[in-house]
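Participant: Quick one: the structure is below, questions incoming.
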Amino acid sequence: MRHWQHRITIAVVLFMLTTATACAGHEPIVRMLEEMDRELLSYHTLLKEAGEAELSRRLDEFQAQLDKEYEAFFAQIEQEGQEYAASLQEEYGPQMLRLQLELLLLTLDDEEELERAEAMAALQQAMEDALAEKEAELHRRLADFEQSLEERFAQFQLEVGQEIEEKLAEEYSAFKADFLWAFEHSLRNSFVNR
């Protein structure tokens, strides 16, 4: 809420207080104090709601930014995984194909067939192990990235919460000071007018 908005509220209250104190003795002062408490409580509630709305808006904006960062990182990790799988295929594929062709086209004895079958199985296992290791690494990196995003969000939430709280405390303090000045001014005027 802008500073000038609470000035308008104070001007209205000042007018109410001036007219109330002009009417009679101590009873209007009690009513003025009660009205002052209501106005201060109302303004405090208004500030709290505005602060909660601002915090929610800023957290939503920051979360959207983090979501974009996550999507970009996930796409990068996914691409890296695909490129690694393609490189394994490029590295092991020709050897596997050569062994398969030898099994199909060459006349081999049982021992030679077994050797080639075992070599193919070893190549297949090496390829699967390398791919599993890479996938585990990519999952760790993705989990670490998610953790860093969560920590950044928590830190941002803390900092923005404190910033908003301090700003609202300043606004409330200024409003209260102006309000008390208006109340005091009104009381002085009412006693001078008697």
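Within each chain, counting starts at residue 1; across the structure tokens, chains are named A, B, ... in the order shown, with ligands numbered 1 upward in that order.
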Just want the 8 Å neighbourhood of segment 41-47 of chain A, counted on only C-alpha atoms, with same-chain residues fewer than 2 positions away dropped. Output as a list in words.
Facilitator: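 Residues meeting the cut-off are Met1, Asp37, Arg38, Glu39, Glu49, Ala50, Gly51, Leu168 and Tyr172 of chain A.
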Participant: Restrict the selected residues to C-alpha atoms and save them as a tab-separated table (two decimals), in the first residue's frame.
Facilitator:
chain	number	residue	atom	x	y	z
A	1	MET	CA	0.00	0.00	0.00
A	37	ASP	CA	-7.35	0.57	17.79
A	38	ARG	CA	-9.81	-0.67	15.15
A	39	GLU	CA	-8.16	1.40	12.41
A	49	GLU	CA	-2.85	-9.70	3.36
A	50	ALA	CA	-0.96	-7.53	0.87
A	51	GLY	CA	2.34	-9.02	2.09
A	168	LEU	CA	5.43	-3.92	5.88
A	172	TYR	CA	2.85	0.07	9.55
Participant: Show which residues sit within 8 Å of segment 92-108 of chain A, as a list of chain:residue names. Count only C-alpha atoms, and ignore same-chain residues fewer than 3 positions away.
Facilitator: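 Non-adjacent residues within range: A:Leu88, A:Gln89, A:Glu111, A:Glu112, A:Glu113, A:Arg116, A:Ala117, A:Ala119, A:Met120, A:Leu123, A:Gln124, A:Met127.
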Participant: Would you export the selected residues with N, CA and C atoms as a PDB file, in the first residue's frame, please?
Facilitator:
ATOM      1  N   LEU A  88      28.376 -45.453 -27.808  1.00  0.00           N
ATOM      2  CA  LEU A  88      28.620 -46.863 -27.471  1.00  0.00           C
ATOM      3  C   LEU A  88      28.267 -47.763 -28.639  1.00  0.00           C
ATOM      4  N   GLN A  89      27.134 -47.440 -29.256  1.00  0.00           N
ATOM      5  CA  GLN A  89      26.713 -48.226 -30.414  1.00  0.00           C
ATOM      6  C   GLN A  89      27.748 -48.121 -31.534  1.00  0.00           C
ATOM      7  N   GLU A 111      34.356 -74.985 -30.956  1.00  0.00           N
ATOM      8  CA  GLU A 111      35.182 -74.125 -30.083  1.00  0.00           C
ATOM      9  C   GLU A 111      35.233 -72.692 -30.622  1.00  0.00           C
ATOM     10  N   GLU A 112      35.373 -72.546 -31.933  1.00  0.00           N
ATOM     11  CA  GLU A 112      35.425 -71.220 -32.558  1.00  0.00           C
ATOM     12  C   GLU A 112      34.071 -70.504 -32.427  1.00  0.00           C
ATOM     13  N   GLU A 113      32.990 -71.265 -32.602  1.00  0.00           N
ATOM     14  CA  GLU A 113      31.646 -70.693 -32.416  1.00  0.00           C
ATOM     15  C   GLU A 113      31.473 -70.208 -30.982  1.00  0.00           C
ATOM     16  N   ARG A 116      33.405 -66.956 -30.353  1.00  0.00           N
ATOM     17  CA  ARG A 116      32.732 -65.777 -30.919  1.00  0.00           C
ATOM     18  C   ARG A 116      31.464 -65.427 -30.140  1.00  0.00           C
ATOM     19  N   ALA A 117      30.727 -66.437 -29.720  1.00  0.00           N
ATOM     20  CA  ALA A 117      29.514 -66.198 -28.923  1.00  0.00           C
ATOM     21  C   ALA A 117      29.874 -65.556 -27.590  1.00  0.00           C
ATOM     22  N   ALA A 119      32.618 -63.803 -27.022  1.00  0.00           N
ATOM     23  CA  ALA A 119      33.112 -62.448 -27.321  1.00  0.00           C
ATOM     24  C   ALA A 119      31.932 -61.490 -27.531  1.00  0.00           C
ATOM     25  N   MET A 120      30.903 -61.984 -28.235  1.00  0.00           N
ATOM     26  CA  MET A 120      29.701 -61.145 -28.425  1.00  0.00           C
ATOM     27  C   MET A 120      29.030 -60.850 -27.086  1.00  0.00           C
ATOM     28  N   LEU A 123      31.094 -58.289 -25.227  1.00  0.00           N
ATOM     29  CA  LEU A 123      30.894 -56.948 -25.791  1.00  0.00           C
ATOM     30  C   LEU A 123      29.540 -56.384 -25.380  1.00  0.00           C
ATOM     31  N   GLN A 124      28.507 -57.220 -25.450  1.00  0.00           N
ATOM     32  CA  GLN A 124      27.162 -56.800 -25.063  1.00  0.00           C
ATOM     33  C   GLN A 124      27.140 -56.396 -23.588  1.00  0.00           C
ATOM     34  N   MET A 127      28.949 -53.106 -23.062  1.00  0.00           N
ATOM     35  CA  MET A 127      28.123 -51.995 -23.530  1.00  0.00           C
ATOM     36  C   MET A 127      27.025 -51.672 -22.510  1.00  0.00           C
TER      37      MET A 127
END
Participant: Tell me, in Å to one decimal, how far atom CA of Ala130 of chain A is from atom CA of Leu114 of chain A.
Facilitator: 24.0 Å
Participant: Can you check which parts of segment 61-91 of chain A lie within 10 Å of segment 143-151 of chain A? Per residue, the shortest pair of atoms and distance in Å to one decimal, counting only C-alpha atoms, sorted by chain and number, as a tab-separated table.
Facilitator:
residue	atom	partner	partner_atom	distance
A:Gln63	CA	A:Leu149	CA	9.2
A:Leu66	CA	A:Leu149	CA	6.6
A:Asp67	CA	A:Leu149	CA	8.9
A:Glu69	CA	A:Leu149	CA	8.7
A:Tyr70	CA	A:Glu146	CA	7.4
A:Phe73	CA	A:Phe145	CA	8.2
A:Phe74	CA	A:Phe145	CA	9.4
Participant: Please measure the separation of atom CA of Gly81 of chain A and atom CA of Leu142 of chain A, giving the value in Å to one decimal.
Facilitator: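 Going from atom CA of Gly81 of chain A over to atom CA of Leu142 of chain A covers 11.9 Å.
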Participant: Counting only C-alpha atoms, give me one row per residue of segment 18-87 of chain A with an atom at most 10 Å from an atom of segment 155-162 of chain A, showing the shortest contact pair and its distance in Å to one decimal, sorted by chain then residue number, as JSON lines.
Facilitator:
{"residue": "A:Gly51", "atom": "CA", "partner": "A:Gly161", "partner_atom": "CA", "distance": 8.6}
{"residue": "A:Glu52", "atom": "CA", "partner": "A:Gly161", "partner_atom": "CA", "distance": 8.9}
{"residue": "A:Glu54", "atom": "CA", "partner": "A:Val160", "partner_atom": "CA", "distance": 9.4}
{"residue": "A:Leu55", "atom": "CA", "partner": "A:Gly161", "partner_atom": "CA", "distance": 6.6}
{"residue": "A:Ser56", "atom": "CA", "partner": "A:Gln157", "partner_atom": "CA", "distance": 9.5}
{"residue": "A:Arg58", "atom": "CA", "partner": "A:Val160", "partner_atom": "CA", "distance": 8.0}
{"residue": "A:Leu59", "atom": "CA", "partner": "A:Gln157", "partner_atom": "CA", "distance": 6.8}
{"residue": "A:Phe62", "atom": "CA", "partner": "A:Phe156", "partner_atom": "CA", "distance": 8.2}
{"residue": "A:Gln63", "atom": "CA", "partner": "A:Phe156", "partner_atom": "CA", "distance": 10.0}
Participant: When you draw a straight line from atom CA of Asp110 of chain A to atom CA of Glu91 of chain A, how long is it in Å?
Facilitator: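 Spanning atom CA of Asp110 of chain A to atom CA of Glu91 of chain A is a straight-line distance of 27.6 Å.
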